[in-house]
Amino acid sequence: MSILFTPGKIGSLHLPNRIVRSATAESMADAEGRPLPQLIRLYQDLARGGVGLIITGHMYVHPSGKAHSEMCGIYAEDLIPDLAKLADAVHQENGLVVVQINHGGMQCSKETVPETIAPSAIDADFLERPAREMTPDEITGLIQAYGHAARRVQEAGFDGVQIHAAHGFLISEFLSPFVNHRTDKWGGDIENRMRFLREVCRAVREQVGPDYPVLIKLGMMDGVEGGLTSDEGSQVIAALEGMGFNGVEISGGIGGTRNLNVPKGIRTESDEAYFLPLAQQARLVTQLPIILVGGFRSRTVMEQVLNDGYADFISLCRPLISEPDLPNRLRLGLQEKSRCLSSNNCWPEKEGEGIACKCPHEKIRPKTEV
Ligand SMILES: Cc1cc2nc3c(=O)[nH]c(=O)nc-3n(C[C@H](O)[C@H](O)[C@H](O)COP(=O)(O)O)c2cc1C
Ligand code: SF4
């Protein structure tokens, strides 16, 4: 049997196979961040399609961290009943679902927050506007907000929580020497820049208890001059188990580096698995289950990375926007490769559209039997 379809474990979470749906902001929420019915349908399709674990699109832990319009929220108690419907819908299809929690920091849109905040005041050409330096009280307040958001995830019946520490959002801003120039205990060397993440994990654990699956998506390097390097990223990886995480998904790139994080033009097998060198570095310093994301398209590349032991799970974003049933199709031998063209036409262009696969696909797919 293909290693892709063998069971695996992340903490107390038992996955039926090695394919994970990487967090994908679906833009299917109302103005208050409540999920819309189309999001429930999307998760049902994903669960029926055979993916081992769904990670939701990022949800904002506090109103000051709403990154873009139509983002799902997890910042208040009265959101729990609607979120519980998402968890139920996946469980009814025998799927598993973990919520990614986030604060958009310096990258929040003008449409969603009146001002942006960051560890230090910053203006950069990739930002919509300058961000203001956070006060120590704001820092401790937001740490609690992550903890309470994680508790809501658990109360709503989800199977775990993933802390977003990648892609230039708030936690990755604290880790980044390009963004974080603080001279207090929250800035300076990598130990200090890690403190915010450490405290967030502590607050989350306090709320959800020792056995609940807590994952992280970590940007191991920034890809900008003066930013986080993979060597420092490795030091963060080495500390994760001690902080209380059960598994790590590896990514990279901060603001303006969407090309690094979600590059276009993945055409050949050698373009795939573009963060593999980061996973290879991470494997040397952690025993935690590694989920690797970034450009996986073919079964052979996925199997190779798993067989080599550099990752324990393979995470897919765009391939599952294009074909939510790709895992079943790979399992049944109906397909060897995702049809995704990696041209990035999946982002919504206007409100109400949501993510959708809009690249042209000519071939009719053979019918799946499931
Ligand atoms: C439409 C879209 C939305 C995304 N939203 C998120 C998100 O909410 N959280 C996150 O960590 N990454 C997000 N990403 C990044 C993906 O999870 C993934 O890291 C990246 O697309 C590379 O994987 P792929 O080649 O399989 O698409 C998003 C990517 C796309 C294309
Ligand atoms: S729109 Fe293009 S890049 Fe996006 S999922 Fe579809 S094929 Fe892939």
# chains A, B, ... in the order shown; residues from 1 in each chain; ligands from 1
call {"tool": "closest_atom_pairs", "arguments": {"of": "chain A", "to": "ligand 1", "cutoff": "7 Å", "atoms": "only C-alpha atoms and all ligand atoms", "output": "JSON lines"}}
result
{"residue": "A:Ser22", "atom": "CA", "partner": "ligand 1", "partner_atom_place_in_ligand_line": "17 (O)", "distance": 4.5}
{"residue": "A:Ala23", "atom": "CA", "partner": "ligand 1", "partner_atom_place_in_ligand_line": "9 (N)", "distance": 4.4}
{"residue": "A:Thr24", "atom": "CA", "partner": "ligand 1", "partner_atom_place_in_ligand_line": "5 (N)", "distance": 3.4}
{"residue": "A:Ala25", "atom": "CA", "partner": "ligand 1", "partner_atom_place_in_ligand_line": "8 (O)", "distance": 3.8}
{"residue": "A:Glu26", "atom": "CA", "partner": "ligand 1", "partner_atom_place_in_ligand_line": "3 (C)", "distance": 6.5}
{"residue": "A:Gly57", "atom": "CA", "partner": "ligand 1", "partner_atom_place_in_ligand_line": "8 (O)", "distance": 3.9}
{"residue": "A:His58", "atom": "CA", "partner": "ligand 1", "partner_atom_place_in_ligand_line": "8 (O)", "distance": 4.0}
{"residue": "A:His164", "atom": "CA", "partner": "ligand 1", "partner_atom_place_in_ligand_line": "11 (O)", "distance": 6.0}
{"residue": "A:Ala166", "atom": "CA", "partner": "ligand 1", "partner_atom_place_in_ligand_line": "11 (O)", "distance": 6.6}
{"residue": "A:Lys217", "atom": "CA", "partner": "ligand 1", "partner_atom_place_in_ligand_line": "11 (O)", "distance": 6.5}
{"residue": "A:Ser251", "atom": "CA", "partner": "ligand 1", "partner_atom_place_in_ligand_line": "19 (O)", "distance": 6.2}
{"residue": "A:Asn261", "atom": "CA", "partner": "ligand 1", "partner_atom_place_in_ligand_line": "20 (C)", "distance": 5.8}
{"residue": "A:Val262", "atom": "CA", "partner": "ligand 1", "partner_atom_place_in_ligand_line": "21 (O)", "distance": 4.6}
{"residue": "A:Val293", "atom": "CA", "partner": "ligand 1", "partner_atom_place_in_ligand_line": "23 (O)", "distance": 5.3}
{"residue": "A:Gly294", "atom": "CA", "partner": "ligand 1", "partner_atom_place_in_ligand_line": "23 (O)", "distance": 3.9}
{"residue": "A:Gly295", "atom": "CA", "partner": "ligand 1", "partner_atom_place_in_ligand_line": "25 (O)", "distance": 3.4}
{"residue": "A:Phe296", "atom": "CA", "partner": "ligand 1", "partner_atom_place_in_ligand_line": "26 (O)", "distance": 5.8}
{"residue": "A:Ser315", "atom": "CA", "partner": "ligand 1", "partner_atom_place_in_ligand_line": "26 (O)", "distance": 6.5}
{"residue": "A:Leu316", "atom": "CA", "partner": "ligand 1", "partner_atom_place_in_ligand_line": "26 (O)", "distance": 3.8}
{"residue": "A:Cys317", "atom": "CA", "partner": "ligand 1", "partner_atom_place_in_ligand_line": "26 (O)", "distance": 3.8}
{"residue": "A:Arg318", "atom": "CA", "partner": "ligand 1", "partner_atom_place_in_ligand_line": "27 (O)", "distance": 3.9}
{"residue": "A:Pro319", "atom": "CA", "partner": "ligand 1", "partner_atom_place_in_ligand_line": "26 (O)", "distance": 6.0}
{"residue": "A:Asn344", "atom": "CA", "partner": "ligand 1", "partner_atom_place_in_ligand_line": "31 (C)", "distance": 6.4}
{"residue": "A:Cys346", "atom": "CA", "partner": "ligand 1", "partner_atom_place_in_ligand_line": "1 (C)", "distance": 5.6}
{"residue": "A:Trp347", "atom": "CA", "partner": "ligand 1", "partner_atom_place_in_ligand_line": "1 (C)", "distance": 4.8}
{"residue": "A:Ile355", "atom": "CA", "partner": "ligand 1", "partner_atom_place_in_ligand_line": "1 (C)", "distance": 6.0}
call {"tool": "residues_near_ligand", "arguments": {"ligand": "ligand 2", "cutoff": "10 Å", "atoms": "only C-alpha atoms and all ligand atoms", "output": "PyMOL selection string"}}
result
chain A and resi 262-266+317-323+338-348+355-361
call {"tool": "select_by_dssp", "arguments": {"residues": "range 28-95 of chain A", "states": "strand (DSSP E or B)", "output": "list of chain:residue names"}}
result
A:Ala29, A:Pro35, A:Leu53, A:Ile54, A:Ile55, A:Met59, A:Tyr60, A:Cys72, A:Gly73
call {"tool": "atom_distance", "arguments": {"atom1": "CA of Ile291 in chain A", "atom2": "CA of Ile250 in chain A"}}
result
6.4 Å
call {"tool": "atom_distance", "arguments": {"atom1": "CA of Leu15 in chain A", "atom2": "CA of Leu96 in chain A"}}
result
7.8 Å
call {"tool": "residues_around", "arguments": {"residues": "range 78-88 of chain A", "least_positions_apart": "3", "cutoff": "8 Å", "atoms": "only C-alpha atoms", "output": "list in words"}}
result
Arg34, Pro35, Leu39, Ile40, Tyr43, Gly73, Ile74, Tyr75, His91, Gln92, Val97, Arg152, Val153, Glu155, Ala156, Gly157 and Phe158 of chain A
call {"tool": "closest_residue", "arguments": {"among": "A:Ala165, A:Ala150, A:Ala67, A:Ile54", "to": "Pro114 in chain A", "atoms": "only C-alpha atoms"}}
result
A:Ala67
call {"tool": "residues_around", "arguments": {"residues": "Leu278 in chain A", "least_positions_apart": "4", "cutoff": "12 Å", "atoms": "only C-alpha atoms", "output": "JSON, numbers by chain"}}
result
{"A": [218, 219, 220, 221, 222, 229, 230, 231, 232, 233, 234, 237, 248, 249, 250, 251, 252, 253, 273, 274, 282, 283, 284, 285, 290, 291, 292, 293, 294, 310, 311]}
call {"tool": "closest_residue", "arguments": {"among": "A:Val236, A:Ile122, A:Leu215, A:Cys108", "to": "Asn192 in chain A", "atoms": "only C-alpha atoms"}}
result
A:Val236
call {"tool": "closest_residue", "arguments": {"among": "A:Leu127, A:Met71, A:Ala31, A:Ile314", "to": "Val301 in chain A", "atoms": "only C-alpha atoms"}}
result
A:Ile314
call {"tool": "residues_around", "arguments": {"residues": "Phe313 in chain A", "least_positions_apart": "4", "cutoff": "12 Å", "atoms": "only C-alpha atoms", "output": "mmCIF file with all heavy atoms, in the first residue's frame"}}
result
data_model
loop_
_atom_site.group_PDB
_atom_site.id
_atom_site.type_symbol
_atom_site.label_atom_id
_atom_site.label_comp_id
_atom_site.auth_asym_id
_atom_site.auth_seq_id
_atom_site.Cartn_x
_atom_site.Cartn_y
_atom_site.Cartn_z
ATOM 1 N N ILE A 3 2.416 4.606 1.079
ATOM 2 C CA ILE A 3 2.625 5.221 2.395
ATOM 3 C C ILE A 3 1.648 6.384 2.634
ATOM 4 O O ILE A 3 1.278 6.702 3.758
ATOM 5 C CB ILE A 3 4.097 5.679 2.557
ATOM 6 C CG1 ILE A 3 4.379 6.146 3.984
ATOM 7 C CG2 ILE A 3 4.469 6.755 1.541
ATOM 8 C CD1 ILE A 3 5.841 6.378 4.286
ATOM 9 N N LEU A 4 1.191 6.991 1.532
ATOM 10 C CA LEU A 4 0.252 8.125 1.638
ATOM 11 C C LEU A 4 -1.042 7.722 2.336
ATOM 12 O O LEU A 4 -1.713 8.550 2.941
ATOM 13 C CB LEU A 4 -0.123 8.606 0.232
ATOM 14 C CG LEU A 4 0.551 9.813 -0.365
ATOM 15 C CD1 LEU A 4 -0.010 10.074 -1.753
ATOM 16 C CD2 LEU A 4 0.396 11.041 0.516
ATOM 17 N N PHE A 5 -1.389 6.440 2.198
ATOM 18 C CA PHE A 5 -2.683 6.004 2.745
ATOM 19 C C PHE A 5 -2.521 5.085 3.946
ATOM 20 O O PHE A 5 -3.358 4.249 4.237
ATOM 21 C CB PHE A 5 -3.542 5.401 1.618
ATOM 22 C CG PHE A 5 -3.839 6.458 0.595
ATOM 23 C CD1 PHE A 5 -3.101 6.535 -0.576
ATOM 24 C CD2 PHE A 5 -4.757 7.454 0.858
ATOM 25 C CE1 PHE A 5 -3.306 7.561 -1.484
ATOM 26 C CE2 PHE A 5 -4.976 8.490 -0.042
ATOM 27 C CZ PHE A 5 -4.248 8.549 -1.208
ATOM 28 N N THR A 6 -1.417 5.304 4.670
ATOM 29 C CA THR A 6 -1.249 4.617 5.958
ATOM 30 C C THR A 6 -1.645 5.603 7.060
ATOM 31 O O THR A 6 -1.503 6.817 6.895
ATOM 32 C CB THR A 6 0.216 4.169 6.165
ATOM 33 O OG1 THR A 6 1.062 5.332 6.081
ATOM 34 C CG2 THR A 6 0.630 3.167 5.100
ATOM 35 N N PRO A 7 -2.154 5.087 8.193
ATOM 36 C CA PRO A 7 -2.567 5.998 9.264
ATOM 37 C C PRO A 7 -1.372 6.687 9.932
ATOM 38 O O PRO A 7 -0.241 6.199 9.844
ATOM 39 C CB PRO A 7 -3.297 5.083 10.261
ATOM 40 C CG PRO A 7 -2.978 3.694 9.860
ATOM 41 C CD PRO A 7 -2.427 3.687 8.483
ATOM 42 N N GLY A 8 -1.633 7.812 10.576
ATOM 43 C CA GLY A 8 -0.570 8.548 11.280
ATOM 44 C C GLY A 8 -1.153 9.251 12.500
ATOM 45 O O GLY A 8 -2.380 9.357 12.657
ATOM 46 N N LYS A 9 -0.257 9.723 13.364
ATOM 47 C CA LYS A 9 -0.689 10.299 14.642
ATOM 48 C C LYS A 9 -0.067 11.673 14.864
ATOM 49 O O LYS A 9 1.128 11.863 14.597
ATOM 50 C CB LYS A 9 -0.203 9.359 15.758
ATOM 51 C CG LYS A 9 -1.242 9.022 16.784
ATOM 52 C CD LYS A 9 -0.710 7.959 17.719
ATOM 53 C CE LYS A 9 -0.726 8.533 19.067
ATOM 54 N NZ LYS A 9 -0.014 8.565 20.090
ATOM 55 N N ILE A 10 -0.875 12.628 15.316
ATOM 56 C CA ILE A 10 -0.346 13.935 15.748
ATOM 57 C C ILE A 10 -0.871 14.150 17.165
ATOM 58 O O ILE A 10 -2.059 14.452 17.345
ATOM 59 C CB ILE A 10 -0.815 15.081 14.826
ATOM 60 C CG1 ILE A 10 -0.390 14.814 13.372
ATOM 61 C CG2 ILE A 10 -0.272 16.427 15.319
ATOM 62 C CD1 ILE A 10 -0.904 15.840 12.367
ATOM 63 N N LEU A 15 -4.952 10.139 12.422
ATOM 64 C CA LEU A 15 -5.364 10.453 11.048
ATOM 65 C C LEU A 15 -5.406 9.163 10.222
ATOM 66 O O LEU A 15 -4.495 8.331 10.339
ATOM 67 C CB LEU A 15 -4.366 11.417 10.391
ATOM 68 C CG LEU A 15 -4.501 12.903 10.732
ATOM 69 C CD1 LEU A 15 -4.102 13.180 12.159
ATOM 70 C CD2 LEU A 15 -3.641 13.731 9.790
ATOM 71 N N PRO A 16 -6.422 9.027 9.363
ATOM 72 C CA PRO A 16 -6.517 7.796 8.573
ATOM 73 C C PRO A 16 -5.475 7.728 7.460
ATOM 74 O O PRO A 16 -5.204 6.657 6.929
ATOM 75 C CB PRO A 16 -7.937 7.858 7.997
ATOM 76 C CG PRO A 16 -8.288 9.311 7.981
ATOM 77 C CD PRO A 16 -7.577 9.918 9.158
ATOM 78 N N ASN A 17 -4.940 8.862 7.029
ATOM 79 C CA ASN A 17 -3.912 8.858 5.984
ATOM 80 C C ASN A 17 -3.004 10.072 6.177
ATOM 81 O O ASN A 17 -3.144 10.811 7.162
ATOM 82 C CB ASN A 17 -4.550 8.826 4.577
ATOM 83 C CG ASN A 17 -5.418 10.047 4.306
ATOM 84 O OD1 ASN A 17 -4.984 11.178 4.471
ATOM 85 N ND2 ASN A 17 -6.664 9.812 3.911
ATOM 86 N N ARG A 18 -2.081 10.284 5.231
ATOM 87 C CA ARG A 18 -1.031 11.287 5.419
ATOM 88 C C ARG A 18 -1.297 12.591 4.667
ATOM 89 O O ARG A 18 -0.380 13.403 4.518
ATOM 90 C CB ARG A 18 0.318 10.707 4.972
ATOM 91 C CG ARG A 18 0.698 9.406 5.649
ATOM 92 C CD ARG A 18 0.668 9.563 7.169
ATOM 93 N NE ARG A 18 1.041 8.309 7.821
ATOM 94 C CZ ARG A 18 2.236 8.077 8.334
ATOM 95 N NH1 ARG A 18 3.164 8.995 8.303
ATOM 96 N NH2 ARG A 18 2.482 6.924 8.916
ATOM 97 N N ILE A 19 -2.523 12.772 4.189
ATOM 98 C CA ILE A 19 -2.802 13.993 3.422
ATOM 99 C C ILE A 19 -3.610 14.971 4.281
ATOM 100 O O ILE A 19 -4.659 14.634 4.820
ATOM 101 C CB ILE A 19 -3.564 13.685 2.118
ATOM 102 C CG1 ILE A 19 -2.808 12.635 1.296
ATOM 103 C CG2 ILE A 19 -3.752 14.949 1.291
ATOM 104 C CD1 ILE A 19 -3.494 12.232 0.008
ATOM 105 N N VAL A 20 -3.089 16.200 4.373
ATOM 106 C CA VAL A 20 -3.703 17.256 5.181
ATOM 107 C C VAL A 20 -4.122 18.387 4.255
ATOM 108 O O VAL A 20 -3.411 18.710 3.302
ATOM 109 C CB VAL A 20 -2.672 17.766 6.223
ATOM 110 C CG1 VAL A 20 -3.191 18.986 6.980
ATOM 111 C CG2 VAL A 20 -2.291 16.656 7.200
ATOM 112 N N ARG A 21 -5.262 18.963 4.540
ATOM 113 C CA ARG A 21 -5.649 20.182 3.813
ATOM 114 C C ARG A 21 -5.043 21.354 4.559
ATOM 115 O O ARG A 21 -5.412 21.647 5.698
ATOM 116 C CB ARG A 21 -7.177 20.291 3.783
ATOM 117 C CG ARG A 21 -7.712 21.418 2.916
ATOM 118 C CD ARG A 21 -7.979 22.698 3.697
ATOM 119 N NE ARG A 21 -8.867 23.559 2.921
ATOM 120 C CZ ARG A 21 -9.609 24.518 3.406
ATOM 121 N NH1 ARG A 21 -9.590 24.786 4.698
ATOM 122 N NH2 ARG A 21 -10.377 25.241 2.636
ATOM 123 N N SER A 22 -4.095 22.048 3.929
ATOM 124 C CA SER A 22 -3.457 23.189 4.578
ATOM 125 C C SER A 22 -4.474 24.326 4.725
ATOM 126 O O SER A 22 -5.369 24.478 3.886
ATOM 127 C CB SER A 22 -2.285 23.653 3.718
ATOM 128 O OG SER A 22 -1.405 24.438 4.464
ATOM 129 N N VAL A 51 -9.582 13.462 2.454
ATOM 130 C CA VAL A 51 -8.398 14.051 3.098
ATOM 131 C C VAL A 51 -8.326 13.582 4.562
ATOM 132 O O VAL A 51 -9.359 13.407 5.218
ATOM 133 C CB VAL A 51 -8.450 15.597 2.969
ATOM 134 C CG1 VAL A 51 -9.496 16.233 3.876
ATOM 135 C CG2 VAL A 51 -7.089 16.219 3.210
ATOM 136 N N GLY A 52 -7.103 13.362 5.060
ATOM 137 C CA GLY A 52 -6.948 12.830 6.417
ATOM 138 C C GLY A 52 -7.294 13.836 7.499
ATOM 139 O O GLY A 52 -7.771 13.478 8.576
ATOM 140 N N LEU A 53 -7.036 15.112 7.231
ATOM 141 C CA LEU A 53 -7.306 16.174 8.210
ATOM 142 C C LEU A 53 -7.534 17.482 7.458
ATOM 143 O O LEU A 53 -6.758 17.814 6.555
ATOM 144 C CB LEU A 53 -6.099 16.348 9.155
ATOM 145 C CG LEU A 53 -6.133 17.556 10.095
ATOM 146 C CD1 LEU A 53 -7.249 17.407 11.135
ATOM 147 C CD2 LEU A 53 -4.793 17.736 10.822
ATOM 148 N N GLY A 247 2.603 19.021 16.953
ATOM 149 C CA GLY A 247 3.006 18.819 15.559
ATOM 150 C C GLY A 247 3.275 20.159 14.914
ATOM 151 O O GLY A 247 2.739 21.185 15.347
ATOM 152 N N VAL A 248 4.135 20.151 13.884
ATOM 153 C CA VAL A 248 4.494 21.409 13.224
ATOM 154 C C VAL A 248 4.321 21.291 11.712
ATOM 155 O O VAL A 248 4.775 20.325 11.101
ATOM 156 C CB VAL A 248 5.934 21.857 13.588
ATOM 157 C CG1 VAL A 248 6.975 20.780 13.284
ATOM 158 C CG2 VAL A 248 6.312 23.159 12.871
ATOM 159 N N GLU A 249 3.645 22.272 11.152
ATOM 160 C CA GLU A 249 3.565 22.394 9.687
ATOM 161 C C GLU A 249 4.586 23.461 9.279
ATOM 162 O O GLU A 249 4.625 24.550 9.862
ATOM 163 C CB GLU A 249 2.147 22.816 9.271
ATOM 164 C CG GLU A 249 1.978 22.917 7.759
ATOM 165 C CD GLU A 249 0.545 23.233 7.336
ATOM 166 O OE1 GLU A 249 -0.333 23.423 8.223
ATOM 167 O OE2 GLU A 249 0.293 23.306 6.122
ATOM 168 N N ILE A 250 5.387 23.138 8.276
ATOM 169 C CA ILE A 250 6.492 24.030 7.909
ATOM 170 C C ILE A 250 6.164 24.828 6.662
ATOM 171 O O ILE A 250 5.750 24.287 5.637
ATOM 172 C CB ILE A 250 7.777 23.208 7.714
ATOM 173 C CG1 ILE A 250 8.210 22.668 9.083
ATOM 174 C CG2 ILE A 250 8.881 24.052 7.078
ATOM 175 C CD1 ILE A 250 9.360 21.723 9.018
ATOM 176 N N ALA A 279 12.287 21.427 5.812
ATOM 177 C CA ALA A 279 11.894 20.213 6.548
ATOM 178 C C ALA A 279 13.123 19.378 6.872
ATOM 179 O O ALA A 279 13.227 18.790 7.958
ATOM 180 C CB ALA A 279 10.894 19.398 5.730
ATOM 181 N N LEU A 288 8.942 15.946 16.734
ATOM 182 C CA LEU A 288 7.507 16.191 16.504
ATOM 183 C C LEU A 288 7.114 15.750 15.101
ATOM 184 O O LEU A 288 7.930 15.831 14.172
ATOM 185 C CB LEU A 288 7.204 17.691 16.618
ATOM 186 C CG LEU A 288 7.159 18.325 17.997
ATOM 187 C CD1 LEU A 288 6.914 19.828 17.868
ATOM 188 C CD2 LEU A 288 6.076 17.682 18.865
ATOM 189 N N PRO A 289 5.856 15.319 14.918
ATOM 190 C CA PRO A 289 5.389 15.064 13.558
ATOM 191 C C PRO A 289 5.534 16.327 12.708
ATOM 192 O O PRO A 289 5.155 17.420 13.140
ATOM 193 C CB PRO A 289 3.916 14.709 13.747
ATOM 194 C CG PRO A 289 3.765 14.333 15.173
ATOM 195 C CD PRO A 289 4.826 15.073 15.934
ATOM 196 N N ILE A 290 6.091 16.160 11.506
ATOM 197 C CA ILE A 290 6.264 17.287 10.582
ATOM 198 C C ILE A 290 5.252 17.163 9.459
ATOM 199 O O ILE A 290 5.126 16.109 8.820
ATOM 200 C CB ILE A 290 7.697 17.308 10.002
ATOM 201 C CG1 ILE A 290 8.708 17.643 11.103
ATOM 202 C CG2 ILE A 290 7.813 18.302 8.839
ATOM 203 C CD1 ILE A 290 10.171 17.661 10.636
ATOM 204 N N ILE A 291 4.539 18.259 9.235
ATOM 205 C CA ILE A 291 3.628 18.364 8.092
ATOM 206 C C ILE A 291 4.326 19.326 7.127
ATOM 207 O O ILE A 291 4.687 20.431 7.532
ATOM 208 C CB ILE A 291 2.273 18.971 8.531
ATOM 209 C CG1 ILE A 291 1.679 18.204 9.715
ATOM 210 C CG2 ILE A 291 1.289 19.020 7.367
ATOM 211 C CD1 ILE A 291 0.503 18.919 10.386
ATOM 212 N N LEU A 292 4.512 18.900 5.901
ATOM 213 C CA LEU A 292 5.200 19.798 4.963
ATOM 214 C C LEU A 292 4.221 20.291 3.906
ATOM 215 O O LEU A 292 3.484 19.505 3.306
ATOM 216 C CB LEU A 292 6.384 19.083 4.302
ATOM 217 C CG LEU A 292 7.218 19.969 3.362
ATOM 218 C CD1 LEU A 292 7.812 21.171 4.090
ATOM 219 C CD2 LEU A 292 8.339 19.155 2.707
ATOM 220 N N VAL A 293 4.223 21.608 3.687
ATOM 221 C CA VAL A 293 3.343 22.227 2.690
ATOM 222 C C VAL A 293 4.215 22.846 1.602
ATOM 223 O O VAL A 293 5.402 23.063 1.795
ATOM 224 C CB VAL A 293 2.441 23.301 3.353
ATOM 225 C CG1 VAL A 293 3.210 24.555 3.746
ATOM 226 C CG2 VAL A 293 1.264 23.666 2.453
ATOM 227 N N PHE A 296 3.206 20.585 -3.484
ATOM 228 C CA PHE A 296 3.038 19.156 -3.794
ATOM 229 C C PHE A 296 1.929 18.986 -4.832
ATOM 230 O O PHE A 296 0.825 19.521 -4.667
ATOM 231 C CB PHE A 296 2.682 18.360 -2.534
ATOM 232 C CG PHE A 296 3.847 18.157 -1.615
ATOM 233 C CD1 PHE A 296 4.039 19.006 -0.524
ATOM 234 C CD2 PHE A 296 4.760 17.140 -1.838
ATOM 235 C CE1 PHE A 296 5.112 18.833 0.328
ATOM 236 C CE2 PHE A 296 5.847 16.960 -0.982
ATOM 237 C CZ PHE A 296 6.024 17.808 0.098
ATOM 238 N N MET A 302 5.121 13.224 -3.274
ATOM 239 C CA MET A 302 4.585 13.094 -1.903
ATOM 240 C C MET A 302 5.142 11.836 -1.241
ATOM 241 O O MET A 302 5.607 11.861 -0.101
ATOM 242 C CB MET A 302 3.047 13.004 -1.929
ATOM 243 C CG MET A 302 2.351 14.206 -2.526
ATOM 244 S SD MET A 302 0.544 13.976 -2.493
ATOM 245 C CE MET A 302 0.048 14.985 -3.885
ATOM 246 N N GLU A 303 5.103 10.717 -1.977
ATOM 247 C CA GLU A 303 5.567 9.445 -1.409
ATOM 248 C C GLU A 303 7.062 9.487 -1.109
ATOM 249 O O GLU A 303 7.504 8.976 -0.077
ATOM 250 C CB GLU A 303 5.248 8.294 -2.363
ATOM 251 C CG GLU A 303 3.752 8.014 -2.407
ATOM 252 C CD GLU A 303 3.356 6.956 -3.436
ATOM 253 O OE1 GLU A 303 4.191 6.599 -4.291
ATOM 254 O OE2 GLU A 303 2.195 6.511 -3.385
ATOM 255 N N GLN A 304 7.804 10.115 -2.008
ATOM 256 C CA GLN A 304 9.270 10.188 -1.820
ATOM 257 C C GLN A 304 9.610 10.910 -0.519
ATOM 258 O O GLN A 304 10.433 10.453 0.270
ATOM 259 C CB GLN A 304 9.895 10.930 -3.017
ATOM 260 C CG GLN A 304 11.405 10.991 -3.002
ATOM 261 C CD GLN A 304 12.018 9.645 -3.364
ATOM 262 O OE1 GLN A 304 11.647 9.045 -4.378
ATOM 263 N NE2 GLN A 304 12.923 9.160 -2.524
ATOM 264 N N VAL A 305 8.956 12.073 -0.303
ATOM 265 C CA VAL A 305 9.255 12.869 0.900
ATOM 266 C C VAL A 305 8.879 12.088 2.165
ATOM 267 O O VAL A 305 9.620 12.093 3.155
ATOM 268 C CB VAL A 305 8.524 14.235 0.832
ATOM 269 C CG1 VAL A 305 8.600 14.969 2.154
ATOM 270 C CG2 VAL A 305 9.118 15.094 -0.282
ATOM 271 N N LEU A 306 7.761 11.377 2.114
ATOM 272 C CA LEU A 306 7.353 10.574 3.282
ATOM 273 C C LEU A 306 8.321 9.403 3.480
ATOM 274 O O LEU A 306 8.763 9.134 4.604
ATOM 275 C CB LEU A 306 5.931 10.039 3.093
ATOM 276 C CG LEU A 306 4.796 11.076 3.096
ATOM 277 C CD1 LEU A 306 3.465 10.409 2.764
ATOM 278 C CD2 LEU A 306 4.683 11.781 4.454
ATOM 279 N N ASN A 307 8.647 8.720 2.396
ATOM 280 C CA ASN A 307 9.554 7.565 2.508
ATOM 281 C C ASN A 307 10.932 7.972 2.999
ATOM 282 O O ASN A 307 11.573 7.242 3.749
ATOM 283 C CB ASN A 307 9.680 6.840 1.160
ATOM 284 C CG ASN A 307 8.499 5.911 0.927
ATOM 285 O OD1 ASN A 307 8.024 5.253 1.857
ATOM 286 N ND2 ASN A 307 8.009 5.868 -0.294
ATOM 287 N N ASP A 308 11.387 9.157 2.601
ATOM 288 C CA ASP A 308 12.699 9.634 3.055
ATOM 289 C C ASP A 308 12.672 10.063 4.522
ATOM 290 O O ASP A 308 13.723 10.331 5.110
ATOM 291 C CB ASP A 308 13.164 10.824 2.199
ATOM 292 C CG ASP A 308 13.569 10.390 0.795
ATOM 293 O OD1 ASP A 308 13.767 9.181 0.585
ATOM 294 O OD2 ASP A 308 13.675 11.263 -0.091
ATOM 295 N N GLY A 309 11.479 10.213 5.069
ATOM 296 C CA GLY A 309 11.356 10.546 6.490
ATOM 297 C C GLY A 309 11.485 12.032 6.803
ATOM 298 O O GLY A 309 11.554 12.419 7.963
#
call {"tool": "closest_residue", "arguments": {"among": "A:His68, A:Ala203, A:Arg331, A:Met1", "to": "His148 in chain A", "atoms": "only C-alpha atoms"}}
result
A:Ala203
call {"tool": "atom_distance", "arguments": {"atom1": "CA of Leu170 in chain A", "atom2": "CA of Ile190 in chain A"}}
result
15.6 Å
call {"tool": "select_by_dssp", "arguments": {"residues": "range 126-329 of chain A", "states": "alpha helix (DSSP H)", "output": "MDAnalysis selection string"}}
result
chainID A and resid 136:155 170:175 190:193 195:208 230:243 258:261 276:283 299:308 318:322 326:329
call {"tool": "residues_around", "arguments": {"residues": "Met106 in chain A", "least_positions_apart": "2", "cutoff": "7 Å", "atoms": "only C-alpha atoms", "output": "VMD selection string"}}
result
chain A and resid 104 108 116 to 118 131 169
call {"tool": "residues_around", "arguments": {"residues": "Val200 in chain A", "least_positions_apart": "4", "cutoff": "9 Å", "atoms": "only C-alpha atoms", "output": "MDAnalysis selection string"}}
result
chainID A and resid 142:147 163 171 195:196 204:205
